[in-house]
Amino acid sequence: MKAPVSWIKEYVALPDDLSVDALAARLTALGLKLEALHTPADAITGPLVVGRVLTIEKEPQKNGKVINWCTVDVADANGTGEPQGIICGAHNFVEGDLVVVSLPGAVLAGGFAISERKTYGHLSAGMICSRAELGLPADGDGIIVLPADSAKPGDEAMPLLGMDDAVIEFEINPDRAYALSLRGVAREAALGFDVPFADPAEFELPAANDAGHQVVVEDEAGCPVFVARTVTGFDPARPTPEWMKLRLEQCGMRSISLGVDISNYVMLELGQPNHCYDAAKVAGPIRVRRATAGEKLTTLDDVVRKLEPADLVIADDNGAIGIAGVMGGASTEVSDSTTEIVVEAAHFDPVTVFRSQKRHKLGSEASKRFERGVDPELPQAAADRVVQLLVELGGATAGEGVTVVGQAPERRVVTAPVDLPARITGMPIPAETTVAHLRAIGADVTVEGDELTAVVPSWRPDISQPFDLVEEVARIVGYEDVPSVLPTAPAGRGLTEVQRLRRRVGRVIAGAGFNEVISYPFTSEADYDALALPADDARRRSLRMENPLNAEQPLLATTLLPGVLHTLARNVGRGNADAAIFETALVFQPTGDEKAPILGTDRRPTDEEWAAIEKAVPAQPQHLALALTGAREDDGWWGQGRAAGWSDAIAAVRDLAGALGVTLDVEAAAVAPWHPGRCAAVSVDGVLLGHAGELHPKVCKAFGLPARSAAAEIDLDALLEHATSPQAPRFSSYPVAKEDVALVVDASVPAAAVEAALREGAGELLESIRLFDVFTGEQVGEGKKSLAFALRFRAADRTLAEGESGAARDAAVARAAEVTGAVQR
Amino acid sequence: MSGPNTEYDPVEVTPLQAAEVEAMRDAAIAAIGAAKDLEELKQVRLEHAGDRSPLALANREIGALPPQARKEAGARVGQARGAVNKALAERTTVLEAEHEERMLVEETVDVTLPTDRRAPGTRHPITTLSERIADVFVAMGWEVAEGPQVEAEWLNFDALNLGADHPARTMQDTFWLQPADAALVLRTHTSPVQARTMLTRQPPIYVVCPGRVYRTDEIDATHSPVFHQVEGLVIDKGITMAHLKGALDHFAAAMFGEGISTRFRPSYFPFTEPSAEVDLVCFVCRNGEVGDPAECRTCRGEGWIEWGGCGVVNPKVLVACGVDPEVYTGFAFGMGIDRTLMFRHNVEDLRDVFEGDVRFAAPFGVEI
C-alpha cells in the first residue's frame, strides 16, 4: 500500500515538525511496516521551474532528425527575466504551452547535471523536462505539458508535479486490511501521535429508498450488503483532474478514464472496492447469485471465464456481468460514450471472493481487500462518495434512488479479563491504559469488575478473540517496552541418543576426509535411469509433486545417490578433481495410500484421527550417502599417492560402524548403481543397511564422473538402531606370541571366510588376527590367491608355554583348510 | 684362576710393581683421551679395560702373591682399574654427546615441506550451525524436537490456524504432493513440529527444532526452494512475551556476542497472537555503538537485521493441539538458519550453500 503523506494529512492533524521518517517509523512500530519511502524531490537539486514556450523554430538536421530551438519565458527564475534559449528534441508541445524547465545548475535524477552548452549551433541554457528525466513514472516519450493556466512562468515546478510529496509504501499484513486505504493509514497515524482523526467515511448519507436501480440479492451469505446508486448526464469526455491522476499514480495505479479513476480513488480513500456499470448496458435488475453450471463471463481484461457454481456473480437479465468482489464484466464496462452509471458498493463474503480469485487466478485490488476483510458498514458511504465525485468532476446528476439491500452484521463483541494484556505481554499495563488504547482503535469499551467488554469496530474483522485485543493494546503501548525475562525450563534430558549419534556420524565421516553437502531431494525417472536401476527396483517408487519447480524433476528422492553424484560431478567439472563428499538426509518412501485427513481445529484430534494422520505421512528414513573420485591421497615428496576406489567407500562405512560399536557383515553383492564385481552389501544382525563399492562404468558415464568413482548409501536410521555403548576390554599383560601364516585358496573364496575359519580354529588364545598381504601370481597358481595373516596369541593368566601358540596356529590352519580348502604355503 | 701360589716370589712379578701398574694406567687413560669417536673408544676399551688388557692380566696375578703382599697389590691394581673405568665413562659421555649432536645436525629436515597427504573433511556449516543453535537451548534445559519433511496438510496449516481459505496460506508457496487430494505437503516451515510436539507431549514444553523446509521459490542469491529454519516453542504456566524476548535476547547474544539484543515489531502470523518480527541489533556496527550504520555493509545502514518471526502461541492453535488455553500460555519463534549463516559468516550467495562445492565448506571445518 502506497500512501502519499499529503493525503494522510488530509484526515489527521499531524504535528507540523514531524518528519516523514518519524511518521514512517511510528507507523512501522504500530504494525504498518515501512517497505520503501518514495521522495522524488530528493532525487533532484537546483532550479526546476515552470516555463511558457514563446517561440519554436524547427531545424531539420543532416541525420533526418528535426530539433526545436525554443525560447521559453521563465520569468525571473533565471535571474534576468529574459527568455531562455533551449534546444528540445520532443515534439508534443506548441507555442504557448506551459512546460517544466530545469535551468543550468540543476542536477536531475541519476546525477544528470544541467549546464549551458553549445549544441546544434545554439547555446542551450537548460532543458525542457520529460517525466522520466525527473524520475517520475512516464506515460510516453514526450516532455511534460502542464494544463493551461495551472501555473505561471517562474513558479516552482515540484509541487505542481507532486514531487515534494513523499509517498510511504507499507507492507500490510493480512490481518490489517483496513490499512489498505488512506482512511486506515490515517487512523493509525492519528493513533500513533494521539491526535484527532477526521474519518473520510463519516458524513451525512441520503436515506435508502426504492427509487433506485432494482437489486435482488439471492445469496445473502455471499453478499450481506449491496448498495446501488445511479447518476445521469455524466460527461465521459471530461478528463481526470491532475490532482487525482497524481494521487492514483502516487498509489501505483494508472489513470484510465474519469469514471474508472473515481472508482479507484474511492477504493484507495476508503478501502471499499466498488464498481461503475454503464447503466445503458445493464438489462433489468441487478442480481447477486451463484453462477450456473457452464455460465461464461468476459471479464474486464477481455478473457472469457468459465464460471463455477461456487462463484458469486453480479448478473442482469442477460447473465453474469461481474464476478463478485473480483472483477467486472466487459459487457457493462463504462466507455467513452457512457452517460448513465450504476454505482455498486457491496460487502462480499471473504472466503467466496478468495476462492473465486484463486479459481480464476484473478487476484485484483478489489479481491485483495475483500478476502482480507472490508468494513461491512462502508458500502453506503463509499457509493455516495463515488456519486459525489461523478457529479463534481464528471458533470453528472445524482439519481434520487438509493438502493440498499441487506445490512452490515452486528459489530462483534469480545470480552476478556481486563488484566489480560498485562498477563500476556509481561508489561505492567494498567486497566486504564488497556481501555484507552482499545477505545483509540475505535472499540466501544466497558469494564465490569475484572471483565472488559469491547464492541469491535466494523473495520476490524480480524479481532475475534481476547488475544487479538492483547495485540492491539501491546502495539500501542509499544513492543519496545516488552521486558526481557529468561524463561526457566525444568531440567532437560539433553540430546536424545539418536541426536548425539547423528553428530558422531558427521564427525566420523568428515574425519575420514569427506565433505558434507546438501542437495535438493528433487529427482526424476531420468536420474533413476542414470543409476541403471532395474524397472522393478523399489527405489523407483517415488512420491511425486503436484507442482514441481522443475517439470523435469517431479519426484521426491528415495535415494540420496542422484543428488550426491550430481554434486560430485559438479565438483569435478569445477576442477575439484579429488573430491570426497557425503550427505545425510531424509529419503521419501511412498505408502501407496497417500491420503491424509483434514481434521477439525476446535479440539484435539482423537487417537483414531491422529493415527490416521500418522499413517498417511510417508516413511522418511534418514540415509547416508557418500561418493568420491580422484586421488584419495595425493602424490608428494613422501612418495606416491593413492587413487580413490571401491575400498574407500567400504572403509568409510566400516569406520562409521566401528565408531558406533556396530559389527558389520560385509559380503559381495551385485546391485545398481555399483560395479557388479565391486559392490559390497553391508548388514548388521541380518538387517541389510545398504551398499558400497565402485560405481558401474555406465553410471559413471551417465553422471559425467571419472571411471572408478566410488560410492556408498546406507539407511542411517537402521544403523543407529544397532549402535552400542562402548564396554571396557579386558586385556592380558602376559607376553604376546606372534604367528604368521600364508594360505593359498581359490581366488573366489572371500578373505573374510578364511579369516573367520582361522579365528574359529585358533581358539580362545587368539588375541587378534590381521590380513596383511594378498598375493596372486605364478607361484600360487592359476585361479588361486595367497592370503597372509598375522596372528597374535596371548593367555589371560600366564605366559604361554613353548609350542602352545604353534599348536593354536596349526589348529587355525586346519580349520581354514577344512572350511575353505586353504593350503598353507 | 688357580689357587694361591705359595712358591711365588712377589718381587719377581713385575707387573705388580707400582711403577708398572701406574704405567699401564697412564697408557690406558692416554688412549682413552685420544679416542676420537665411539668406535675408537670401543677399541680402546678392549685394549685397556678388556679381559686381555694389561691391567686385567695383572689383576690375575694378585692371587699368586703371598697373602701379606696381596692386599697392597690388590689395592694398587684396583685403583688403577677404577681410574681407567672412570676415564672411559667420562669419555663415553663426551663422545656420545658429540655423536648425538652430530646426528641431530645430519638428520635435519625441511619442516616447511607440505604435509597435505589428504585434504581434511568438513561438515556442512548448516549442520554445524544447527547444532550450535540447538546447544544454546539445550544448555537452558530445552530439548530438540523433530518431525517429517513430507507433512500432513493439517499439521502444516490447519492446526496452526491456517485454514484452507486463509489468505496467508498463499504467502507460503507450497509444494503439494500427488495425488491432488493427498493433503500432503513438503513442510513450508518447521511449525508443524510445534503441533506434533504439543500433540505428543504434556506441558511444560521447552523445545527447539532446527530443520529443513521447502517453498516453491526459484533459487537465486537469496532464495532457495530448500532452506532451513529453527523453531522454538515453549508452553508453560504464566509464559509471557517477556519470556519470549528473554529467550531471543539470550539466543542472539549466544550467536552473535554479548550485548547483541533483539527488538520486536508488530507483525502477523496466524499461529501467534500477538505476533512480532524479530530484528537483531547489527552485530557489526551495533546500530552506531561501534561503527556508523550508514557505512555498515552487514545491515546496509539499518542498524538492525531482520532475523525472524515470533509471538504468543494463538489459543486457537493450543485448542487444536489439545493444550488447555485456560491453563497454559506459550510462545513460538522461527528463524532462517541459512539467513543466519549468511550474515554471521559473510556468505554472499545462497547457491553456494546448496551446490556442494567442496571449497565452500573448507573454512568451516567440523565446528562453527
# chains A, B, ... in the order shown; residues from 1 in each chain; ligands from 1

$ select_by_dssp --residues "region 111-262 of chain B" --states "strand (DSSP E or B)" --output "JSON, numbers by chain"
{"B": [122, 143, 144, 150, 151, 152, 176, 177, 184, 185, 186, 205, 206, 207, 208, 209, 210, 211, 212, 213, 214, 226, 227, 228, 229, 230, 231, 232, 233, 234, 235, 236, 262]}

$ residues_around --residues "Phe370 (chain A)" --least-positions-apart "2" --cutoff "8 Å" --atoms "only C-alpha atoms" --output "list in words"
Pro273, Gly325, His347, Phe348, Asp349, Pro350, Val353, Phe354, Ala366, Ser367, Lys368, Arg372, Gly373 and Val374 of chain A

$ write_last_selection --atoms "N, CA, C and O atoms" --output "compact mmCIF listing (two decimals), in the first residue's frame"
# COMPACT_ATOMS: atom_id res chain seq x y z
N PRO A 273 -13.83 -1.48 -2.21
CA PRO A 273 -13.86 -1.69 -3.66
C PRO A 273 -15.27 -1.40 -4.16
O PRO A 273 -16.26 -1.68 -3.46
N GLY A 325 -16.74 -9.07 -6.26
CA GLY A 325 -15.55 -8.73 -5.48
C GLY A 325 -14.24 -9.02 -6.18
O GLY A 325 -13.18 -8.80 -5.61
N HIS A 347 -20.77 -5.56 0.13
CA HIS A 347 -19.89 -6.35 1.00
C HIS A 347 -20.04 -7.81 0.62
O HIS A 347 -21.15 -8.33 0.57
N PHE A 348 -18.91 -8.44 0.33
CA PHE A 348 -18.94 -9.84 -0.08
C PHE A 348 -18.20 -10.71 0.94
O PHE A 348 -17.25 -10.26 1.59
N ASP A 349 -18.63 -11.97 0.99
CA ASP A 349 -18.01 -12.94 1.89
C ASP A 349 -16.54 -13.15 1.50
O ASP A 349 -16.24 -13.51 0.35
N PRO A 350 -15.64 -12.95 2.44
CA PRO A 350 -14.21 -13.05 2.11
C PRO A 350 -13.81 -14.40 1.51
O PRO A 350 -13.03 -14.45 0.55
N VAL A 353 -14.89 -14.75 -2.15
CA VAL A 353 -14.03 -13.96 -3.03
C VAL A 353 -12.66 -14.63 -3.19
O VAL A 353 -12.14 -14.76 -4.30
N PHE A 354 -12.13 -15.09 -2.06
CA PHE A 354 -10.80 -15.73 -2.08
C PHE A 354 -10.79 -16.94 -3.01
O PHE A 354 -9.89 -17.11 -3.84
N ALA A 366 -9.44 -5.28 -5.80
CA ALA A 366 -10.70 -5.49 -5.08
C ALA A 366 -10.65 -6.78 -4.28
O ALA A 366 -10.94 -6.80 -3.08
N SER A 367 -10.22 -7.87 -4.93
CA SER A 367 -10.25 -9.16 -4.23
C SER A 367 -9.27 -9.16 -3.07
O SER A 367 -9.52 -9.75 -2.02
N LYS A 368 -8.14 -8.48 -3.25
CA LYS A 368 -7.15 -8.41 -2.17
C LYS A 368 -7.80 -7.83 -0.91
O LYS A 368 -7.55 -8.29 0.20
N ARG A 372 -9.43 -10.22 2.61
CA ARG A 372 -8.85 -9.93 3.93
C ARG A 372 -9.88 -9.33 4.87
O ARG A 372 -9.68 -9.35 6.09
N GLY A 373 -10.93 -8.76 4.32
CA GLY A 373 -12.00 -8.24 5.18
C GLY A 373 -12.16 -6.73 5.07
O GLY A 373 -11.33 -5.96 5.55
N VAL A 374 -13.24 -6.31 4.41
CA VAL A 374 -13.54 -4.89 4.25
C VAL A 374 -14.57 -4.51 5.31
O VAL A 374 -15.33 -5.36 5.79

$ select_by_dssp --residues "region 212-253 of chain B" --states "helix (DSSP H, G or I)" --output "list in words"
Met241, Ala242, His243, Leu244, Lys245, Gly246, Ala247, Leu248, Asp249, His250, Phe251, Ala252 and Ala253 of chain B

$ residues_around --residues "Gly211 (chain B)" --least-positions-apart "5" --cutoff "8 Å" --atoms "only C-alpha atoms" --output "number ranges by chain"
B: 146, 190, 228-230

$ write_last_selection --atoms "C-alpha atoms" --output "PDB file, in the first residue's frame"
ATOM      1  CA  GLU B 146      11.954 -33.298  15.131  1.00  0.00           C
ATOM      2  CA  THR B 190       9.198 -26.041  10.955  1.00  0.00           C
ATOM      3  CA  HIS B 228      16.415 -24.315   6.944  1.00  0.00           C
ATOM      4  CA  GLN B 229      14.599 -22.893   9.905  1.00  0.00           C
ATOM      5  CA  VAL B 230      14.858 -23.191  13.622  1.00  0.00           C
TER       6      VAL B 230
END

$ closest_atom_pairs --of "region 183-240 of chain B" --to "region 304-317 of chain B" --cutoff "9 Å" --atoms "only C-alpha atoms" --output "tab-separated table"
residue	atom	partner	partner_atom	distance
B:Ala195	CA	B:Val317	CA	7.9
B:Gly232	CA	B:Cys310	CA	8.9
B:Leu233	CA	B:Val313	CA	8.6
B:Val234	CA	B:Val313	CA	8.8
B:Ile235	CA	B:Val313	CA	8.4
B:Ile239	CA	B:Val312	CA	8.7
B:Thr240	CA	B:Val312	CA	7.3

$ residues_around --residues "Ala168 (chain B)" --least-positions-apart "6" --cutoff "8 Å" --atoms "only C-alpha atoms" --output "list in words"
Pro174 of chain A; Leu162 and Pro270 of chain B

$ write_last_selection --atoms "all heavy atoms" --output "CSV table (one decimal), in the first residue's frame"
chain,number,residue,atom,x,y,z
A,174,PRO,N,-1.8,-9.5,6.4
A,174,PRO,CA,-3.2,-9.9,6.0
A,174,PRO,C,-4.3,-9.5,7.1
A,174,PRO,O,-5.4,-9.5,6.7
A,174,PRO,CB,-3.1,-11.4,5.9
A,174,PRO,CG,-1.6,-11.7,5.8
A,174,PRO,CD,-0.9,-10.6,6.4
B,162,LEU,N,-4.2,-21.9,10.0
B,162,LEU,CA,-4.1,-21.5,8.6
B,162,LEU,C,-5.1,-22.4,7.8
B,162,LEU,O,-4.7,-23.3,7.2
B,162,LEU,CB,-2.7,-21.7,8.1
B,162,LEU,CG,-1.7,-20.5,8.1
B,162,LEU,CD1,-0.3,-21.0,8.2
B,162,LEU,CD2,-2.0,-19.7,6.9
B,270,PRO,N,-0.6,-16.4,11.5
B,270,PRO,CA,-1.8,-16.9,12.0
B,270,PRO,C,-1.7,-17.7,13.3
B,270,PRO,O,-2.6,-17.8,14.1
B,270,PRO,CB,-2.3,-17.9,10.9
B,270,PRO,CG,-1.5,-17.4,9.7
B,270,PRO,CD,-0.2,-16.8,10.2

$ residues_around --residues "Ala627 (chain A)" --least-positions-apart "4" --cutoff "10 Å" --atoms "only C-alpha atoms" --output "ChimeraX atom specification"
/A:514-515,561,564-565,567-568,579-583,644-646,648-649,692-695,709-713

$ write_last_selection --atoms "C-alpha atoms" --output "mmCIF file, in the first residue's frame"
data_model
loop_
_atom_site.group_PDB
_atom_site.id
_atom_site.type_symbol
_atom_site.label_atom_id
_atom_site.label_comp_id
_atom_site.auth_asym_id
_atom_site.auth_seq_id
_atom_site.Cartn_x
_atom_site.Cartn_y
_atom_site.Cartn_z
ATOM 1 C CA PHE A 514 34.649 -36.452 3.284
ATOM 2 C CA ASN A 515 32.940 -33.073 2.820
ATOM 3 C CA LEU A 561 22.693 -41.018 -4.750
ATOM 4 C CA VAL A 564 25.361 -36.790 -4.308
ATOM 5 C CA LEU A 565 26.571 -37.985 -7.707
ATOM 6 C CA THR A 567 27.200 -32.799 -6.801
ATOM 7 C CA LEU A 568 30.348 -34.873 -7.192
ATOM 8 C CA ALA A 579 36.616 -34.840 -4.157
ATOM 9 C CA ALA A 580 35.051 -36.911 -1.418
ATOM 10 C CA ILE A 581 31.574 -35.864 -0.329
ATOM 11 C CA PHE A 582 28.771 -37.138 1.843
ATOM 12 C CA GLU A 583 25.224 -36.239 2.684
ATOM 13 C CA ALA A 644 40.152 -43.330 -4.572
ATOM 14 C CA GLY A 645 38.367 -46.580 -5.210
ATOM 15 C CA TRP A 646 35.899 -49.185 -4.135
ATOM 16 C CA ASP A 648 37.443 -46.329 0.332
ATOM 17 C CA ALA A 649 33.663 -46.363 0.110
ATOM 18 C CA ALA A 692 29.192 -49.625 -1.001
ATOM 19 C CA GLY A 693 31.787 -50.009 -3.678
ATOM 20 C CA GLU A 694 32.833 -48.831 -7.095
ATOM 21 C CA LEU A 695 30.208 -47.335 -9.380
ATOM 22 C CA SER A 709 34.410 -43.302 -8.816
ATOM 23 C CA ALA A 710 33.078 -44.993 -5.713
ATOM 24 C CA ALA A 711 30.005 -44.511 -3.585
ATOM 25 C CA ALA A 712 28.003 -45.877 -0.698
ATOM 26 C CA GLU A 713 24.491 -45.438 0.612
#
